[in-house]
>>> print(open('data-v4.pdb').read())   # PDB, C-alpha atoms and all ligand atoms
ATOM      1  CA  MET A   1     122.013 111.985-191.317
ATOM      2  CA  ILE A   2     121.859 110.046-188.093
ATOM      3  CA  LEU A   3     119.133 111.156-185.740
ATOM      4  CA  GLY A   4     119.040 110.316-182.026
ATOM      5  CA  GLY A   5     115.851 111.615-180.454
ATOM      6  CA  GLY A   6     115.809 114.671-182.752
ATOM      7  CA  SER A   7     115.497 116.864-179.674
ATOM      8  CA  ASN A   8     118.465 119.159-180.260
ATOM      9  CA  ILE A   9     117.874 119.891-183.953
ATOM     10  CA  LEU A  10     116.249 122.776-185.808
ATOM     11  CA  PHE A  11     115.308 122.111-189.444
ATOM     12  CA  THR A  12     115.223 125.196-191.679
ATOM     13  CA  GLU A  13     114.740 123.203-194.895
ATOM     14  CA  ASP A  14     114.051 119.670-196.082
ATOM     15  CA  PHE A  15     117.039 117.363-195.799
ATOM     16  CA  GLU A  16     118.062 115.991-199.211
ATOM     17  CA  GLY A  17     119.216 112.536-198.232
ATOM     18  CA  ILE A  18     118.602 109.594-195.985
ATOM     19  CA  VAL A  19     117.795 110.204-192.340
ATOM     20  CA  LEU A  20     118.495 107.224-190.126
ATOM     21  CA  LYS A  21     116.709 107.079-186.777
ATOM     22  CA  ASN A  22     118.825 105.084-184.370
ATOM     23  CA  ASN A  23     116.592 102.527-182.644
ATOM     24  CA  ILE A  24     119.221 100.191-181.154
ATOM     25  CA  LYS A  25     117.746  99.009-177.855
ATOM     26  CA  GLY A  26     118.870  97.048-174.838
ATOM     27  CA  LEU A  27     120.410  97.349-171.400
ATOM     28  CA  HIS A  28     123.013  94.836-170.334
ATOM     29  CA  ILE A  29     124.975  94.649-167.080
ATOM     30  CA  HIS A  30     128.622  94.258-168.033
ATOM     31  CA  GLU A  31     130.062  94.041-164.531
ATOM     32  CA  GLU A  32     128.720  94.407-161.006
ATOM     33  CA  THR A  33     130.494  94.744-157.662
ATOM     34  CA  ASP A  34     129.224  95.596-154.169
ATOM     35  CA  ASP A  35     129.374  99.322-154.849
ATOM     36  CA  SER A  36     129.473  99.831-158.590
ATOM     37  CA  ILE A  37     127.878  98.713-161.784
ATOM     38  CA  LEU A  38     129.004  98.899-165.402
ATOM     39  CA  VAL A  39     126.022  98.950-167.710
ATOM     40  CA  ASP A  40     125.912  98.877-171.523
ATOM     41  CA  VAL A  41     122.946 100.702-173.033
ATOM     42  CA  GLY A  42     121.767 100.661-176.647
ATOM     43  CA  ALA A  43     122.092 104.068-178.331
ATOM     44  CA  GLY A  44     118.427 104.132-179.356
ATOM     45  CA  GLU A  45     117.113 103.817-175.802
ATOM     46  CA  ASN A  46     115.224 106.860-174.555
ATOM     47  CA  TRP A  47     117.477 108.783-172.165
ATOM     48  CA  HIS A  48     114.899 109.465-169.458
ATOM     49  CA  GLN A  49     113.660 105.844-169.479
ATOM     50  CA  PHE A  50     117.256 104.747-168.860
ATOM     51  CA  VAL A  51     117.543 107.260-165.989
ATOM     52  CA  LEU A  52     114.312 105.951-164.440
ATOM     53  CA  GLN A  53     115.579 102.382-164.703
ATOM     54  CA  ALA A  54     118.868 103.358-163.006
ATOM     55  CA  VAL A  55     116.974 105.235-160.272
ATOM     56  CA  ASP A  56     114.608 102.271-159.709
ATOM     57  CA  ASN A  57     117.574  99.918-159.364
ATOM     58  CA  GLY A  58     119.339 102.219-156.906
ATOM     59  CA  TRP A  59     122.187 102.979-159.305
ATOM     60  CA  ALA A  60     123.369 106.550-158.736
ATOM     61  CA  GLY A  61     125.052 108.904-161.193
ATOM     62  CA  VAL A  62     122.383 109.967-163.677
ATOM     63  CA  GLU A  63     119.527 111.110-161.383
ATOM     64  CA  ASN A  64     120.454 114.802-161.855
ATOM     65  CA  LEU A  65     119.997 114.233-165.597
ATOM     66  CA  SER A  66     116.342 113.175-165.225
ATOM     67  CA  LEU A  67     113.819 114.259-167.871
ATOM     68  CA  ILE A  68     116.362 115.400-170.481
ATOM     69  CA  PRO A  69     114.757 114.679-173.848
ATOM     70  CA  GLY A  70     116.663 112.589-176.373
ATOM     71  CA  SER A  71     118.369 109.244-176.742
ATOM     72  CA  VAL A  72     121.224 107.510-174.931
ATOM     73  CA  GLY A  73     123.372 107.584-178.088
ATOM     74  CA  ALA A  74     123.039 111.355-178.397
ATOM     75  CA  SER A  75     124.042 111.970-174.775
ATOM     76  CA  PRO A  76     127.837 111.816-175.331
ATOM     77  CA  ILE A  77     127.727 113.859-178.541
ATOM     78  CA  GLN A  78     126.941 117.096-176.758
ATOM     79  CA  ASN A  79     127.879 115.871-173.274
ATOM     80  CA  ILE A  80     124.411 116.581-171.860
ATOM     81  CA  GLY A  81     124.422 118.194-168.462
ATOM     82  CA  ALA A  82     122.162 119.624-165.790
ATOM     83  CA  TYR A  83     122.149 120.506-162.091
ATOM     84  CA  GLY A  84     125.852 120.072-161.485
ATOM     85  CA  VAL A  85     126.363 116.811-163.420
ATOM     86  CA  GLU A  86     127.523 116.106-166.964
ATOM     87  CA  VAL A  87     127.155 112.734-168.660
ATOM     88  CA  LYS A  88     130.956 112.594-169.090
ATOM     89  CA  ASP A  89     131.124 112.008-165.312
ATOM     90  CA  VAL A  90     129.545 108.548-165.746
ATOM     91  CA  ILE A  91     130.590 107.474-169.260
ATOM     92  CA  VAL A  92     133.270 104.784-169.483
ATOM     93  CA  SER A  93     133.223 104.366-173.247
ATOM     94  CA  VAL A  94     131.217 104.970-176.407
ATOM     95  CA  GLU A  95     130.951 102.382-179.169
ATOM     96  CA  GLY A  96     130.274 103.272-182.780
ATOM     97  CA  VAL A  97     130.463 102.147-186.394
ATOM     98  CA  ASN A  98     132.256 104.331-188.915
ATOM     99  CA  ILE A  99     129.828 105.234-191.700
ATOM    100  CA  GLN A 100     132.530 105.227-194.431
ATOM    101  CA  THR A 101     134.771 102.312-193.432
ATOM    102  CA  LYS A 102     132.189 100.228-191.475
ATOM    103  CA  GLU A 103     134.915  99.850-188.838
ATOM    104  CA  SER A 104     133.627  99.327-185.313
ATOM    105  CA  ARG A 105     135.423 101.221-182.557
ATOM    106  CA  GLN A 106     135.253 101.949-178.889
ATOM    107  CA  PHE A 107     136.123 105.486-177.736
ATOM    108  CA  SER A 108     137.349 105.705-174.153
ATOM    109  CA  ASN A 109     136.082 108.584-172.027
ATOM    110  CA  ALA A 110     139.365 110.459-172.654
ATOM    111  CA  GLU A 111     139.166 109.823-176.416
ATOM    112  CA  CYS A 112     135.720 111.431-176.503
ATOM    113  CA  GLN A 113     137.456 114.720-175.517
ATOM    114  CA  PHE A 114     134.455 115.924-173.567
ATOM    115  CA  GLY A 115     133.950 119.620-172.864
ATOM    116  CA  TYR A 116     130.999 121.825-171.923
ATOM    117  CA  ARG A 117     128.207 120.660-174.307
ATOM    118  CA  ASP A 118     131.009 119.384-176.522
ATOM    119  CA  SER A 119     132.872 116.238-177.613
ATOM    120  CA  ILE A 120     134.993 114.923-180.478
ATOM    121  CA  PHE A 121     131.687 113.877-182.138
ATOM    122  CA  LYS A 122     130.829 117.567-182.618
ATOM    123  CA  ARG A 123     134.300 118.383-183.985
ATOM    124  CA  GLU A 124     136.852 116.130-185.780
ATOM    125  CA  GLU A 125     134.565 113.088-185.851
ATOM    126  CA  LYS A 126     131.343 114.974-186.644
ATOM    127  CA  GLY A 127     128.931 112.965-188.786
ATOM    128  CA  LYS A 128     131.392 110.066-189.139
ATOM    129  CA  TRP A 129     129.990 107.573-186.630
ATOM    130  CA  VAL A 130     126.769 105.789-185.845
ATOM    131  CA  ILE A 131     126.909 105.465-182.083
ATOM    132  CA  THR A 132     125.630 102.015-181.172
ATOM    133  CA  LYS A 133     126.213 101.617-177.445
ATOM    134  CA  VAL A 134     127.323 103.588-174.393
ATOM    135  CA  ARG A 135     128.924 102.065-171.280
ATOM    136  CA  PHE A 136     128.149 103.840-167.993
ATOM    137  CA  ALA A 137     129.731 103.404-164.567
ATOM    138  CA  LEU A 138     127.067 103.909-161.902
ATOM    139  CA  ARG A 139     127.393 103.613-158.141
ATOM    140  CA  LYS A 140     125.490 101.893-155.392
ATOM    141  CA  ASN A 141     125.379 103.518-151.906
ATOM    142  CA  ALA A 142     126.567 106.751-153.451
ATOM    143  CA  THR A 143     126.800 110.277-152.112
ATOM    144  CA  LEU A 144     124.316 112.301-154.101
ATOM    145  CA  ASN A 145     125.047 115.629-155.735
ATOM    146  CA  THR A 146     122.516 118.091-154.334
ATOM    147  CA  THR A 147     124.780 121.142-154.286
ATOM    148  CA  TYR A 148     123.027 122.871-157.187
ATOM    149  CA  GLY A 149     120.916 125.604-155.561
ATOM    150  CA  ALA A 150     117.571 124.757-157.123
ATOM    151  CA  ILE A 151     117.845 121.093-156.039
ATOM    152  CA  LYS A 152     118.526 122.047-152.416
ATOM    153  CA  ASP A 153     115.600 124.497-152.364
ATOM    154  CA  THR A 154     113.247 121.956-153.938
ATOM    155  CA  LEU A 155     114.253 119.207-151.476
ATOM    156  CA  ASP A 156     113.743 121.682-148.612
ATOM    157  CA  ARG A 157     110.278 122.474-149.926
ATOM    158  CA  MET A 158     109.593 118.725-150.174
ATOM    159  CA  LYS A 159     110.769 118.564-146.497
ATOM    160  CA  ILE A 160     113.418 115.984-147.362
ATOM    161  CA  THR A 161     116.604 116.116-145.304
ATOM    162  CA  ALA A 162     118.265 112.807-146.258
ATOM    163  CA  PRO A 163     117.401 112.454-149.950
ATOM    164  CA  SER A 164     117.381 109.130-151.782
ATOM    165  CA  ILE A 165     118.264 108.750-155.464
ATOM    166  CA  GLN A 166     114.494 108.819-156.161
ATOM    167  CA  ASP A 167     114.096 112.084-154.225
ATOM    168  CA  VAL A 168     116.830 113.811-156.222
ATOM    169  CA  SER A 169     115.327 112.554-159.482
ATOM    170  CA  GLN A 170     111.864 113.770-158.396
ATOM    171  CA  ALA A 171     113.286 117.177-157.427
ATOM    172  CA  VAL A 172     115.008 117.549-160.801
ATOM    173  CA  ILE A 173     111.819 116.515-162.624
ATOM    174  CA  ALA A 174     109.853 119.121-160.631
ATOM    175  CA  ILE A 175     112.385 121.886-161.406
ATOM    176  CA  ARG A 176     112.494 121.058-165.120
ATOM    177  CA  GLN A 177     108.704 120.872-165.356
ATOM    178  CA  SER A 178     108.379 124.266-163.683
ATOM    179  CA  LYS A 179     110.751 126.041-166.103
ATOM    180  CA  LEU A 180     111.172 124.124-169.325
ATOM    181  CA  PRO A 181     108.420 123.576-171.898
ATOM    182  CA  ASP A 182     107.653 119.929-172.695
ATOM    183  CA  PRO A 183     108.681 119.379-176.343
ATOM    184  CA  ALA A 184     105.660 117.079-176.749
ATOM    185  CA  GLN A 185     103.414 120.122-176.041
ATOM    186  CA  ILE A 186     105.385 123.114-177.367
ATOM    187  CA  GLY A 187     108.136 122.680-179.961
ATOM    188  CA  ASN A 188     111.565 123.523-178.569
ATOM    189  CA  ALA A 189     115.124 122.215-178.553
ATOM    190  CA  GLY A 190     116.045 123.046-174.945
ATOM    191  CA  SER A 191     118.711 125.678-174.339
ATOM    192  CA  PHE A 192     119.233 127.354-177.701
ATOM    193  CA  PHE A 193     122.597 128.879-176.756
ATOM    194  CA  LYS A 194     125.513 127.823-174.597
ATOM    195  CA  ASN A 195     126.263 129.785-171.459
ATOM    196  CA  PRO A 196     129.155 132.042-172.556
ATOM    197  CA  GLU A 197     132.519 132.267-170.854
ATOM    198  CA  ILE A 198     133.916 135.746-170.373
ATOM    199  CA  SER A 199     137.038 137.185-168.752
ATOM    200  CA  VAL A 200     136.914 138.207-165.093
ATOM    201  CA  ASN A 201     137.805 141.735-166.222
ATOM    202  CA  GLN A 202     134.837 141.956-168.585
ATOM    203  CA  PHE A 203     132.662 140.527-165.816
ATOM    204  CA  ALA A 204     133.890 143.147-163.330
ATOM    205  CA  SER A 205     133.045 145.968-165.706
ATOM    206  CA  LEU A 206     129.583 144.493-166.508
ATOM    207  CA  LYS A 207     128.917 144.181-162.775
ATOM    208  CA  GLU A 208     129.275 147.944-162.401
ATOM    209  CA  THR A 209     126.365 148.486-164.788
ATOM    210  CA  TYR A 210     124.445 145.334-163.814
ATOM    211  CA  PRO A 211     125.025 144.666-160.082
ATOM    212  CA  ASN A 212     122.658 141.644-160.205
ATOM    213  CA  ILE A 213     124.515 139.822-162.977
ATOM    214  CA  VAL A 214     124.808 136.074-162.226
ATOM    215  CA  SER A 215     128.070 134.139-162.742
ATOM    216  CA  TYR A 216     129.735 130.787-162.123
ATOM    217  CA  PRO A 217     133.508 130.729-161.551
ATOM    218  CA  ILE A 218     135.634 128.716-164.008
ATOM    219  CA  ASP A 219     139.203 129.628-163.071
ATOM    220  CA  ALA A 220     141.232 132.677-162.070
ATOM    221  CA  THR A 221     140.728 134.345-165.438
ATOM    222  CA  LYS A 222     137.261 133.291-166.638
ATOM    223  CA  VAL A 223     133.642 133.098-165.455
ATOM    224  CA  LYS A 224     130.549 131.606-167.045
ATOM    225  CA  VAL A 225     127.498 133.841-167.335
ATOM    226  CA  PRO A 226     124.007 132.337-167.804
ATOM    227  CA  ALA A 227     122.770 133.196-171.294
ATOM    228  CA  GLY A 228     119.209 133.052-169.889
ATOM    229  CA  TRP A 229     120.018 135.977-167.592
ATOM    230  CA  LEU A 230     121.546 138.006-170.451
ATOM    231  CA  ILE A 231     118.577 137.346-172.739
ATOM    232  CA  GLU A 232     116.051 138.194-170.019
ATOM    233  CA  THR A 233     117.935 141.362-169.042
ATOM    234  CA  ALA A 234     118.022 142.445-172.692
ATOM    235  CA  GLY A 235     114.222 142.265-172.636
ATOM    236  CA  TRP A 236     113.522 139.126-174.681
ATOM    237  CA  LYS A 237     111.953 136.818-172.100
ATOM    238  CA  GLY A 238     108.384 135.871-172.985
ATOM    239  CA  LYS A 239     108.424 137.823-176.297
ATOM    240  CA  ASN A 240     105.728 136.343-178.492
ATOM    241  CA  PHE A 241     105.809 136.684-182.273
ATOM    242  CA  GLY A 242     102.533 134.841-182.897
ATOM    243  CA  THR A 243     103.705 131.404-183.956
ATOM    244  CA  TYR A 244     107.050 131.484-182.147
ATOM    245  CA  GLY A 245     108.860 133.289-179.362
ATOM    246  CA  VAL A 246     111.068 133.218-176.293
ATOM    247  CA  HIS A 247     109.793 130.980-173.496
ATOM    248  CA  LYS A 248     108.129 132.895-170.654
ATOM    249  CA  ASP A 249     109.795 130.916-167.845
ATOM    250  CA  GLN A 250     113.301 130.358-169.282
ATOM    251  CA  ALA A 251     114.707 132.875-171.750
ATOM    252  CA  LEU A 252     117.292 130.394-173.063
ATOM    253  CA  VAL A 253     114.564 128.353-174.750
ATOM    254  CA  LEU A 254     113.067 129.435-178.090
ATOM    255  CA  VAL A 255     109.647 127.975-178.765
ATOM    256  CA  ASN A 256     107.520 127.111-181.778
ATOM    257  CA  TYR A 257     103.854 127.497-180.773
ATOM    258  CA  GLY A 258     102.667 125.447-183.733
ATOM    259  CA  HIS A 259     103.271 126.529-187.284
ATOM    260  CA  ALA A 260     106.460 128.572-187.285
ATOM    261  CA  ASP A 261     109.091 127.841-189.921
ATOM    262  CA  GLY A 262     112.533 126.755-188.739
ATOM    263  CA  ASN A 263     113.819 129.919-190.393
ATOM    264  CA  ASP A 264     111.643 132.068-188.095
ATOM    265  CA  ILE A 265     113.356 130.510-185.082
ATOM    266  CA  LYS A 266     116.773 130.852-186.713
ATOM    267  CA  LYS A 267     116.155 134.547-187.466
ATOM    268  CA  LEU A 268     114.938 135.112-183.906
ATOM    269  CA  SER A 269     118.127 133.464-182.596
ATOM    270  CA  GLU A 270     120.215 135.771-184.785
ATOM    271  CA  SER A 271     118.358 138.857-183.527
ATOM    272  CA  ILE A 272     118.967 137.726-179.943
ATOM    273  CA  LYS A 273     122.682 137.148-180.635
ATOM    274  CA  HIS A 274     122.945 140.614-182.168
ATOM    275  CA  SER A 275     121.115 142.198-179.230
ATOM    276  CA  ILE A 276     123.326 140.454-176.628
ATOM    277  CA  TRP A 277     126.424 141.598-178.507
ATOM    278  CA  GLU A 278     125.142 145.199-178.663
ATOM    279  CA  THR A 279     124.019 145.243-175.015
ATOM    280  CA  PHE A 280     126.795 143.357-173.242
ATOM    281  CA  GLY A 281     129.615 142.875-175.797
ATOM    282  CA  ILE A 282     129.181 139.101-175.412
ATOM    283  CA  GLN A 283     129.030 136.718-178.380
ATOM    284  CA  LEU A 284     126.483 133.944-177.813
ATOM    285  CA  GLU A 285     127.200 130.558-179.338
ATOM    286  CA  THR A 286     124.353 128.390-180.668
ATOM    287  CA  GLU A 287     123.951 125.062-178.868
ATOM    288  CA  VAL A 288     121.261 123.572-181.131
ATOM    289  CA  ASN A 289     122.176 121.873-184.442
ATOM    290  CA  ILE A 290     120.717 123.920-187.293
ATOM    291  CA  ILE A 291     120.108 122.036-190.548
TER     292      ILE A 291
HETATM  293  N1  LIG B   1     118.137 132.978-165.535
HETATM  294  C1  LIG B   1     117.517 134.182-165.702
HETATM  295  N2  LIG B   1     116.522 134.257-166.638
HETATM  296  C2  LIG B   1     116.122 133.199-167.372
HETATM  297  C3  LIG B   1     116.775 131.970-167.206
HETATM  298  C4  LIG B   1     117.795 131.878-166.270
HETATM  299  O1  LIG B   1     117.850 135.176-165.051
HETATM  300  O2  LIG B   1     115.200 133.371-168.188
HETATM  301  C5  LIG B   1     119.163 132.850-164.489
HETATM  302  C6  LIG B   1     118.620 132.028-163.313
HETATM  303  O3  LIG B   1     117.963 132.825-162.389
HETATM  304  C7  LIG B   1     119.881 131.431-162.739
HETATM  305  C8  LIG B   1     120.780 131.249-163.947
HETATM  306  O4  LIG B   1     120.267 132.109-164.962
HETATM  307  O5  LIG B   1     120.490 132.326-161.856
HETATM  308  C9  LIG B   1     120.853 129.813-164.433
HETATM  309  O6  LIG B   1     119.577 129.363-164.794
HETATM  310  P1  LIG B   1     119.199 127.795-164.833
HETATM  311  O7  LIG B   1     119.565 127.156-163.534
HETATM  312  O8  LIG B   1     117.802 127.682-165.312
HETATM  313  O9  LIG B   1     120.191 127.157-165.856
HETATM  314  P2  LIG B   1     120.767 127.644-167.272
HETATM  315  O10 LIG B   1     122.181 128.053-167.059
HETATM  316  O11 LIG B   1     119.862 128.613-167.914
HETATM  317  C10 LIG B   1     121.752 125.303-167.840
HETATM  318  C11 LIG B   1     121.725 124.318-168.964
HETATM  319  C12 LIG B   1     120.414 123.550-168.980
HETATM  320  C13 LIG B   1     120.275 122.833-167.636
HETATM  321  C14 LIG B   1     120.321 123.874-166.514
HETATM  322  C15 LIG B   1     120.286 123.280-165.140
HETATM  323  C16 LIG B   1     123.131 125.249-170.711
HETATM  324  C17 LIG B   1     123.176 125.875-172.071
HETATM  325  N3  LIG B   1     121.908 124.999-170.230
HETATM  326  O12 LIG B   1     120.745 126.266-168.078
HETATM  327  O13 LIG B   1     120.500 122.561-169.991
HETATM  328  O14 LIG B   1     119.050 122.115-167.571
HETATM  329  O15 LIG B   1     121.564 124.627-166.600
HETATM  330  O16 LIG B   1     121.524 122.706-164.840
HETATM  331  O17 LIG B   1     124.183 124.998-170.110
HETATM  332  C18 LIG B   1     120.053 122.220-172.322
HETATM  333  O18 LIG B   1     121.281 122.146-172.473
HETATM  334  O19 LIG B   1     119.248 122.107-173.286
HETATM  335  C19 LIG B   1     119.525 122.508-170.998
HETATM  336  C20 LIG B   1     118.222 122.698-170.768
END
>>> encode(input="data-v4.pdb", output="structure tokens", more="lines below")
Ligand code: EPU
Amino acid sequence: MILGGGSNILFTEDFEGIVLKNNIKGLHIHEETDDSILVDVGAGENWHQFVLQAVDNGWAGVENLSLIPGSVGASPIQNIGAYGVEVKDVIVSVEGVNIQTKESRQFSNAECQFGYRDSIFKREEKGKWVITKVRFALRKNATLNTTYGAIKDTLDRMKITAPSIQDVSQAVIAIRQSKLPDPAQIGNAGSFFKNPEISVNQFASLKETYPNIVSYPIDATKVKVPAGWLIETAGWKGKNFGTYGVHKDQALVLVNYGHADGNDIKKLSESIKHSIWETFGIQLETEVNII
């Protein structure tokens, strides 16, 4: 088993085998022009440290992804995303070594087949590659993406009208710290479920019963509904079962307060899935890797 930062994994039993923690380091500028930069980053680099380095250098593109736990090499696997940006927007290519054949290969952005919290490394190529390096295309003098509601509100509160890359990063850090538990303090793997996509027809009928239901448009036939809203509305937010529970500030995050077993969390996730199905007729999909 290849582990990145281990931040998106729930262990329910011991793993019978070798676990390899990727620690490949380094940041190397591959190409630089007046307005762009191609940078190669070792897969074992800490994601947030890379973001801070980019922000410090004035390279835009990853500031909305500040404070996401995990490693650079894990970022393409589930196409990490937050506040209107996904890592696929800045990835040029991903380099890896095939565990069976020892062949080294570069996957272009298109070959990674990125989707919402998804890539070829979670499907056909799952478990086959050790990712060694990721190439990012970042921009100088860039227009920043502050369209995500919470970022705008936070910048307004900070009284910032013309935000710099640093300001956006600081705003994102503040939002995350206000809602998401720090895994170094309280065990958690971030969002436990993906935000489900439902048909516009199902959404219209749910809206009759739940006029406050939140949604994000996808296309003419589908909308995305925040799983956190569904879980909160079904009454799970802040539920505490002693050693584990549902986070009080973000219902999409399941937490281990200290000595819970991975199976406790897994069972809780199954109860939540069942409840969301019974209440809304929506099937939640797990986002965390369960071992
Ligand atoms: N909401 C609730 N109750 C909750 C949580 C959320 O009603 O307990 C509502 C919020 O009020 C808001 C909407 O749901 O209207 C969306 O909430 P939020 O902005 O917190 O984002 P999210 O959809 O819950 C997703 C990602 C997060 C990412 C944030 C910000 C997924 C599965 N999760 O969460 O990613 O940080 O957007 O962009 O897409 C992760 O993947 O581990 C992760 C933390």
>>> closest_residue(input="data-v4.pdb", among="A:Val172, A:Val62, A:Ile265, A:Ala43", to="Ile2 of chain A", atoms="all atoms listed in the file")
A:Ala43
>>> residues_near_ligand(input="data-v4.pdb", ligand="ligand LIG 1 (chain B)", cutoff="6 Å", atoms="all atoms listed in the file", output="list in words")
Ala82, Tyr83, Gly190, Ser191, Phe193, Lys194, Asn195, Val214, Pro226, Gly228, Trp229, Glu232, Asp249, Gln250 and Ala251 of chain A
>>> closest_residue(input="data-v4.pdb", among="A:Val223, A:Ala184, A:Val39, A:Val168", to="Lys133 of chain A", atoms="only C-alpha atoms")
A:Val39
>>> atom_distance(input="data-v4.pdb", atom1="atom CA of Trp236 of chain A", atom2="atom CA of Asn8 of chain A")
21.3 Å
>>> resolve_selection(input="data-v4.pdb", expression="the PyMOL selection byres (((chain A and resi 23) around 6) and not hetatm)", output="PyMOL selection string")
chain A and resi 22+24+44
>>> axis_aligned_box(input="data-v4.pdb", around="segment 189-198 of chain A", padding_each_side="5 Å", output="AutoDock Vina command-line options")
--center_x 124.5 --center_y 129.0 --center_z -174.5 --size_x 28.8 --size_y 23.5 --size_z 18.2
>>> resolve_selection(input="data-v4.pdb", expression="the PyMOL selection byres (((chain A and resi 58) around 8) and not hetatm)", output="PyMOL selection string")
chain A and resi 54-57+59-60+140-141+165
>>> atom_distance(input="data-v4.pdb", atom1="atom CA of Gly127 of chain A", atom2="atom CA of Ser93 of chain A")
18.3 Å
>>> atom_distance(input="data-v4.pdb", atom1="atom CA of Val19 of chain A", atom2="atom CA of Asn263 of chain A")
20.2 Å
>>> closest_residue(input="data-v4.pdb", among="A:Ser75, A:Ser66, A:Ser108, A:Ser275", to="Gln177 of chain A", atoms="only C-alpha atoms")
A:Ser66
>>> decode(input="data-v4.pdb", residues="segment 123-163 of chain A", atoms="C-alpha atoms", output="tab-separated table (two decimals), in the first residue's frame")
chain	number	residue	atom	x	y	z
A	123	ARG	CA	-10.44	3.54	-11.14
A	124	GLU	CA	-8.58	1.56	-13.86
A	125	GLU	CA	-5.12	2.40	-12.52
A	126	LYS	CA	-5.98	2.08	-8.81
A	127	GLY	CA	-3.08	0.81	-6.71
A	128	LYS	CA	-0.85	0.32	-9.78
A	129	TRP	CA	1.39	3.39	-9.57
A	130	VAL	CA	3.72	5.09	-7.15
A	131	ILE	CA	3.28	8.74	-8.03
A	132	THR	CA	6.71	10.37	-7.93
A	133	LYS	CA	6.24	13.90	-9.24
A	134	VAL	CA	3.52	16.34	-10.28
A	135	ARG	CA	4.00	19.21	-12.76
A	136	PHE	CA	1.88	22.31	-12.11
A	137	ALA	CA	1.27	25.34	-14.32
A	138	LEU	CA	0.93	28.43	-12.13
A	139	ARG	CA	0.42	32.03	-13.18
A	140	LYS	CA	2.00	35.33	-12.33
A	141	ASN	CA	-0.17	38.51	-12.38
A	142	ALA	CA	-3.25	36.32	-12.35
A	143	THR	CA	-6.91	37.08	-11.83
A	144	LEU	CA	-7.86	35.43	-8.58
A	145	ASN	CA	-10.90	33.24	-8.07
A	146	THR	CA	-12.89	34.81	-5.25
A	147	THR	CA	-16.35	33.95	-6.56
A	148	TYR	CA	-17.03	31.29	-3.92
A	149	GLY	CA	-19.43	32.95	-1.46
A	150	ALA	CA	-17.52	32.28	1.75
A	151	ILE	CA	-14.30	33.77	0.29
A	152	LYS	CA	-16.05	36.99	-0.72
A	153	ASP	CA	-17.69	37.35	2.71
A	154	THR	CA	-14.40	36.68	4.51
A	155	LEU	CA	-12.49	39.22	2.37
A	156	ASP	CA	-15.26	41.76	3.04
A	157	ARG	CA	-14.93	41.14	6.76
A	158	MET	CA	-11.15	41.56	6.42
A	159	LYS	CA	-11.98	44.88	4.62
A	160	ILE	CA	-10.00	43.81	1.56
A	161	THR	CA	-11.28	45.09	-1.78
A	162	ALA	CA	-8.36	44.26	-4.09
A	163	PRO	CA	-7.11	40.92	-2.73
